[in-house]
$ cat query-v3.cif   # mmCIF, C-alpha atoms
data_start
loop_
_atom_site.group_PDB
_atom_site.id
_atom_site.type_symbol
_atom_site.label_atom_id
_atom_site.label_comp_id
_atom_site.auth_asym_id
_atom_site.auth_seq_id
_atom_site.Cartn_x
_atom_site.Cartn_y
_atom_site.Cartn_z
ATOM 1 C CA MET A 1 99.943 61.007 83.010
ATOM 2 C CA THR A 2 101.489 63.783 85.072
ATOM 3 C CA THR A 3 99.407 65.919 87.337
ATOM 4 C CA LYS A 4 100.233 69.471 88.217
ATOM 5 C CA THR A 5 99.988 70.489 91.819
ATOM 6 C CA THR A 6 99.692 73.967 93.196
ATOM 7 C CA ALA A 7 102.488 74.934 95.553
ATOM 8 C CA SER A 8 101.081 76.002 98.900
ATOM 9 C CA LEU A 9 103.156 77.859 101.454
ATOM 10 C CA LYS A 10 103.410 76.644 104.994
ATOM 11 C CA PRO A 11 103.843 79.152 107.841
ATOM 12 C CA ALA A 12 107.330 77.783 108.599
ATOM 13 C CA ASP A 13 108.484 78.427 105.006
ATOM 14 C CA VAL A 14 107.625 82.139 104.954
ATOM 15 C CA GLU A 15 110.485 84.656 104.929
ATOM 16 C CA LYS A 16 109.240 88.080 105.967
ATOM 17 C CA LYS A 17 111.025 91.243 104.884
ATOM 18 C CA TRP A 18 110.875 94.681 106.476
ATOM 19 C CA ILE A 19 110.086 97.642 104.238
ATOM 20 C CA VAL A 20 109.963 101.391 104.920
ATOM 21 C CA ILE A 21 107.678 103.769 103.046
ATOM 22 C CA ASP A 22 107.824 107.559 103.278
ATOM 23 C CA ALA A 23 104.227 108.822 103.217
ATOM 24 C CA GLN A 24 105.021 112.508 102.765
ATOM 25 C CA ASP A 25 102.789 113.948 99.983
ATOM 26 C CA ALA A 26 101.473 110.454 99.128
ATOM 27 C CA VAL A 27 97.796 110.010 98.231
ATOM 28 C CA VAL A 28 96.056 108.132 101.062
ATOM 29 C CA GLY A 29 94.010 105.627 99.062
ATOM 30 C CA ARG A 30 96.813 104.629 96.708
ATOM 31 C CA LEU A 31 99.258 104.261 99.587
ATOM 32 C CA ALA A 32 96.773 102.198 101.602
ATOM 33 C CA THR A 33 96.215 99.752 98.724
ATOM 34 C CA PHE A 34 99.975 99.313 98.306
ATOM 35 C CA ILE A 35 100.431 98.675 102.034
ATOM 36 C CA ALA A 36 97.487 96.244 102.175
ATOM 37 C CA MET A 37 98.926 94.227 99.266
ATOM 38 C CA ARG A 38 102.301 94.031 101.018
ATOM 39 C CA LEU A 39 100.758 93.050 104.367
ATOM 40 C CA ARG A 40 98.712 90.247 102.767
ATOM 41 C CA GLY A 41 101.636 88.997 100.654
ATOM 42 C CA LYS A 42 99.851 89.329 97.327
ATOM 43 C CA HIS A 43 103.005 90.719 95.729
ATOM 44 C CA ARG A 44 104.661 87.296 96.067
ATOM 45 C CA PRO A 45 104.494 84.627 93.371
ATOM 46 C CA ASP A 46 103.882 81.969 96.041
ATOM 47 C CA TYR A 47 100.965 83.833 97.694
ATOM 48 C CA THR A 48 98.724 81.571 99.745
ATOM 49 C CA PRO A 49 95.426 83.098 100.962
ATOM 50 C CA HIS A 50 95.228 81.260 104.296
ATOM 51 C CA VAL A 51 98.865 81.869 105.351
ATOM 52 C CA ASP A 52 100.318 85.101 106.713
ATOM 53 C CA CYS A 53 103.019 85.538 104.068
ATOM 54 C CA GLY A 54 103.186 89.345 103.927
ATOM 55 C CA ASP A 55 105.975 91.687 104.914
ATOM 56 C CA TYR A 56 106.427 93.995 107.878
ATOM 57 C CA VAL A 57 105.640 97.548 106.765
ATOM 58 C CA VAL A 58 106.954 100.692 108.480
ATOM 59 C CA VAL A 59 105.386 103.993 107.390
ATOM 60 C CA VAL A 60 107.017 107.298 108.320
ATOM 61 C CA ASN A 61 105.661 110.865 107.957
ATOM 62 C CA ALA A 62 102.068 109.638 108.170
ATOM 63 C CA ASP A 63 100.853 113.079 109.239
ATOM 64 C CA LYS A 64 101.911 114.535 105.857
ATOM 65 C CA VAL A 65 99.673 112.387 103.631
ATOM 66 C CA LYS A 66 97.440 114.079 101.045
ATOM 67 C CA PHE A 67 93.872 113.625 99.885
ATOM 68 C CA THR A 68 92.665 114.299 96.361
ATOM 69 C CA GLY A 69 89.844 116.705 95.615
ATOM 70 C CA ARG A 70 87.970 118.203 98.579
ATOM 71 C CA LYS A 71 88.114 115.062 100.716
ATOM 72 C CA LEU A 72 90.041 116.870 103.448
ATOM 73 C CA GLU A 73 86.942 118.860 104.351
ATOM 74 C CA LEU A 74 84.156 116.643 102.978
ATOM 75 C CA LYS A 75 85.228 113.107 103.975
ATOM 76 C CA LYS A 76 83.723 112.187 107.335
ATOM 77 C CA TYR A 77 84.535 109.376 109.728
ATOM 78 C CA TYR A 78 81.645 108.159 111.874
ATOM 79 C CA TRP A 79 81.495 106.245 115.150
ATOM 80 C CA HIS A 80 78.838 105.528 117.730
ATOM 81 C CA THR A 81 79.208 106.025 121.461
ATOM 82 C CA GLY A 82 76.749 103.274 122.367
ATOM 83 C CA TYR A 83 74.140 105.657 123.753
ATOM 84 C CA PRO A 84 70.881 106.545 121.969
ATOM 85 C CA GLY A 85 71.536 109.303 119.458
ATOM 86 C CA GLY A 86 75.266 108.899 120.018
ATOM 87 C CA ILE A 87 76.456 109.026 116.405
ATOM 88 C CA LYS A 88 79.566 111.192 116.103
ATOM 89 C CA GLU A 89 81.487 112.417 113.092
ATOM 90 C CA ARG A 90 84.823 114.027 112.390
ATOM 91 C CA THR A 91 86.325 115.241 109.109
ATOM 92 C CA ALA A 92 89.574 113.917 107.693
ATOM 93 C CA GLY A 93 91.220 117.330 108.070
ATOM 94 C CA LYS A 94 90.377 117.432 111.754
ATOM 95 C CA ILE A 95 91.885 113.981 112.345
ATOM 96 C CA LEU A 96 95.063 114.849 110.411
ATOM 97 C CA GLY A 97 95.456 118.028 112.463
ATOM 98 C CA GLY A 98 94.663 116.249 115.718
ATOM 99 C CA ARG A 99 96.532 114.161 118.236
ATOM 100 C CA PHE A 100 96.715 110.866 116.282
ATOM 101 C CA PRO A 101 97.046 111.692 112.550
ATOM 102 C CA GLU A 102 98.352 108.196 111.775
ATOM 103 C CA ARG A 103 94.856 106.778 112.336
ATOM 104 C CA ILE A 104 93.786 107.976 108.879
ATOM 105 C CA LEU A 105 96.223 105.609 107.191
ATOM 106 C CA GLU A 106 95.715 102.836 109.749
ATOM 107 C CA LYS A 107 91.936 102.759 109.219
ATOM 108 C CA ALA A 108 92.310 102.935 105.429
ATOM 109 C CA VAL A 109 94.588 99.879 105.432
ATOM 110 C CA GLU A 110 92.477 98.016 107.998
ATOM 111 C CA ARG A 111 89.371 98.407 105.832
ATOM 112 C CA MET A 112 91.196 96.910 102.835
ATOM 113 C CA LEU A 113 92.043 93.673 104.634
ATOM 114 C CA PRO A 114 89.590 90.771 105.059
ATOM 115 C CA LYS A 115 86.860 91.579 107.539
ATOM 116 C CA GLU A 116 86.805 90.224 111.086
ATOM 117 C CA SER A 117 89.252 87.386 110.636
ATOM 118 C CA PRO A 118 92.120 86.267 112.853
ATOM 119 C CA LEU A 119 94.419 86.384 109.835
ATOM 120 C CA ALA A 120 93.610 90.057 109.157
ATOM 121 C CA ARG A 121 94.199 90.941 112.804
ATOM 122 C CA ALA A 122 97.580 89.175 112.673
ATOM 123 C CA GLN A 123 98.502 91.004 109.476
ATOM 124 C CA MET A 124 97.586 94.381 111.002
ATOM 125 C CA THR A 125 100.116 93.763 113.786
ATOM 126 C CA HIS A 126 102.838 93.851 111.100
ATOM 127 C CA LEU A 127 102.036 97.477 110.254
ATOM 128 C CA ARG A 128 103.911 100.221 112.087
ATOM 129 C CA ILE A 129 102.915 103.840 111.414
ATOM 130 C CA TYR A 130 104.834 106.863 112.708
ATOM 131 C CA SER A 131 104.025 110.569 112.364
ATOM 132 C CA SER A 132 107.663 111.613 112.351
ATOM 133 C CA ALA A 133 110.540 110.705 110.041
ATOM 134 C CA GLU A 134 112.252 108.516 112.660
ATOM 135 C CA HIS A 135 111.410 104.911 113.493
ATOM 136 C CA PRO A 136 112.935 102.397 115.948
ATOM 137 C CA HIS A 137 113.281 99.530 113.422
ATOM 138 C CA GLU A 138 116.776 100.142 112.052
ATOM 139 C CA ALA A 139 118.012 96.876 113.583
ATOM 140 C CA GLN A 140 115.801 94.908 111.164
ATOM 141 C CA ALA A 141 117.627 96.489 108.175
ATOM 142 C CA PRO A 142 114.441 97.510 106.344
ATOM 143 C CA GLU A 143 114.403 98.026 102.601
ATOM 144 C CA VAL A 144 113.333 101.538 101.567
ATOM 145 C CA ILE A 145 110.637 101.563 98.882
ATOM 146 C CA ASP A 146 110.084 104.751 96.884
ATOM 147 C CA PHE A 147 106.309 104.546 96.536
ATOM 148 C CA LYS A 148 105.841 107.971 94.973
ATOM 149 C CA SER A 149 108.108 107.269 91.980
ATOM 150 C CA LYS A 150 106.153 104.158 90.922
ATOM 151 C CA ASN A 151 103.375 106.286 89.381
ATOM 152 C CA SER A 152 102.949 110.042 88.995
ATOM 153 C CA LYS A 153 99.446 109.806 90.536
ATOM 154 C CA ASN A 154 100.855 108.425 93.805
ATOM 155 C CA ALA A 155 102.089 111.825 94.976
ATOM 156 C CA ARG A 156 100.405 115.163 95.354
ATOM 157 C CA SER A 157 102.271 118.442 95.732
ATOM 158 C CA GLN A 158 99.509 120.670 97.109
#

$ encode --input "query-v3.cif" --output "C-alpha cells"
Amino acid sequence: MTTKTTASLKPADVEKKWIVIDAQDAVVGRLATFIAMRLRGKHRPDYTPHVDCGDYVVVVNADKVKFTGRKLELKKYYWHTGYPGGIKERTAGKILGGRFPERILEKAVERMLPKESPLARAQMTHLRIYSSAEHPHEAQAPEVIDFKSKNSKNARSQ
C-alpha cells in the first residue's frame, strides 16, 4: 500500500521574489488583501502555514489610494494615549492628507495577517511602502504586477 505525504516547505528551500505594485487609484481593502496573500505566500502551490514563504512586496504611490463610498470621511482610526479618557480618533481622509499617508495601507495589511505572532512580524518586514513613484529596490529586479487590471473593481477613478 502506498501512502501519500504532504510536501512541507523548509525555510532553506524558499525562493522569495520581489514584486512592485502601483497603488494609484487602487481600492484600499482589495489591495491590502492582495498584498497580505503575497506576504504570507498563499499564492504558492507549496504554501506551508508555519514557514515564511511569501514574497517581498514594494508598493509605490501609496498616498493616491482610494476608498469606496464615504469611507474617506466616515472611517475612523482609534488609538489610546494611555491616560484616563485618552481615546483619540482620526479620519482616513486626514491620515491620507497628513505626514504619513502610507500608514493607511500598512495598517490594513497588518490587520490581515495573523495576530501577535513572530511569523506575522517577520512577514511585515518584507513589505515596503512608498508615497512617491520611486523606490530604492531596483537592484533586486522586481517584477511589476498590474493589480488594477486583474478586476475592474480593483481601481477607482474618482

$ residues_around --input "query-v3.cif" --residues "segment 143-153 of chain A" --least-positions-apart "2" --cutoff "8 Å" --atoms "only C-alpha atoms" --output "MDAnalysis selection string"
chainID A and resid 17:22 26:27 31 141 155:156

$ residues_around --input "query-v3.cif" --residues "Lys64 of chain A" --least-positions-apart "4" --cutoff "7 Å" --atoms "only C-alpha atoms" --output "PyMOL selection string"
chain A and resi 23-25

$ residues_around --input "query-v3.cif" --residues "Thr33 of chain A" --least-positions-apart "2" --cutoff "12 Å" --atoms "all atoms listed in the file" --output "MDAnalysis selection string"
chainID A and resid 26:31 35:40 42:43 105:113 147 154

$ atom_distance --input "query-v3.cif" --atom1 "atom CA of Val60 of chain A" --atom2 "atom CA of Glu102 of chain A"
9.4 Å

$ closest_atom_pairs --input "query-v3.cif" --of "segment 28-143 of chain A" --to "segment 4-7 of chain A" --cutoff "10 Å" --atoms "all atoms listed in the file" --output "Markdown table"
| residue | atom | partner | partner_atom | distance |
| --- | --- | --- | --- | --- |
| A:Asp46 | CA | A:Ala7 | CA | 7.2 |
| A:Tyr47 | CA | A:Ala7 | CA | 9.3 |
| A:Thr48 | CA | A:Ala7 | CA | 8.7 |

$ axis_aligned_box --input "query-v3.cif" --around "segment 130-137 of chain A" --padding-each-side "3 Å" --output "AutoDock Vina command-line options"
--center_x 108.7 --center_y 105.6 --center_z 113.0 --size_x 15.3 --size_y 18.1 --size_z 11.9

$ atom_distance --input "query-v3.cif" --atom1 "atom CA of Leu74 of chain A" --atom2 "atom CA of Leu96 of chain A"
13.3 Å

$ atom_distance --input "query-v3.cif" --atom1 "atom CA of Lys71 of chain A" --atom2 "atom CA of Met124 of chain A"
25.0 Å

$ resolve_selection --input "query-v3.cif" --expression "the PyMOL selection byres ((chain A and resi 58) around 6)" --output "ChimeraX atom specification"
/A:20,57,59,128-129

$ resolve_selection --input "query-v3.cif" --expression "the PyMOL selection byres ((chain A and resi 10) around 9)" --output "MDAnalysis selection string"
chainID A and resid 8:9 11:14 48 51 53

$ write_last_selection --input "query-v3.cif" --atoms "C-alpha atoms" --output "compact mmCIF listing (two decimals), in the frame of the given file"
# COMPACT_ATOMS: atom_id res chain seq x y z
CA SER A 8 101.08 76.00 98.90
CA LEU A 9 103.16 77.86 101.45
CA PRO A 11 103.84 79.15 107.84
CA ALA A 12 107.33 77.78 108.60
CA ASP A 13 108.48 78.43 105.01
CA VAL A 14 107.62 82.14 104.95
CA THR A 48 98.72 81.57 99.74
CA VAL A 51 98.86 81.87 105.35
CA CYS A 53 103.02 85.54 104.07

$ resolve_selection --input "query-v3.cif" --expression "the PyMOL selection byres ((chain A and resi 73) around 9)" --output "PyMOL selection string"
chain A and resi 70-72+74-76+91-94

$ write_last_selection --input "query-v3.cif" --atoms "C-alpha atoms" --output "mmCIF file, in the frame of the given file"
data_model
loop_
_atom_site.group_PDB
_atom_site.id
_atom_site.type_symbol
_atom_site.label_atom_id
_atom_site.label_comp_id
_atom_site.auth_asym_id
_atom_site.auth_seq_id
_atom_site.Cartn_x
_atom_site.Cartn_y
_atom_site.Cartn_z
ATOM 1 C CA ARG A 70 87.970 118.203 98.579
ATOM 2 C CA LYS A 71 88.114 115.062 100.716
ATOM 3 C CA LEU A 72 90.041 116.870 103.448
ATOM 4 C CA LEU A 74 84.156 116.643 102.978
ATOM 5 C CA LYS A 75 85.228 113.107 103.975
ATOM 6 C CA LYS A 76 83.723 112.187 107.335
ATOM 7 C CA THR A 91 86.325 115.241 109.109
ATOM 8 C CA ALA A 92 89.574 113.917 107.693
ATOM 9 C CA GLY A 93 91.220 117.330 108.070
ATOM 10 C CA LYS A 94 90.377 117.432 111.754
#
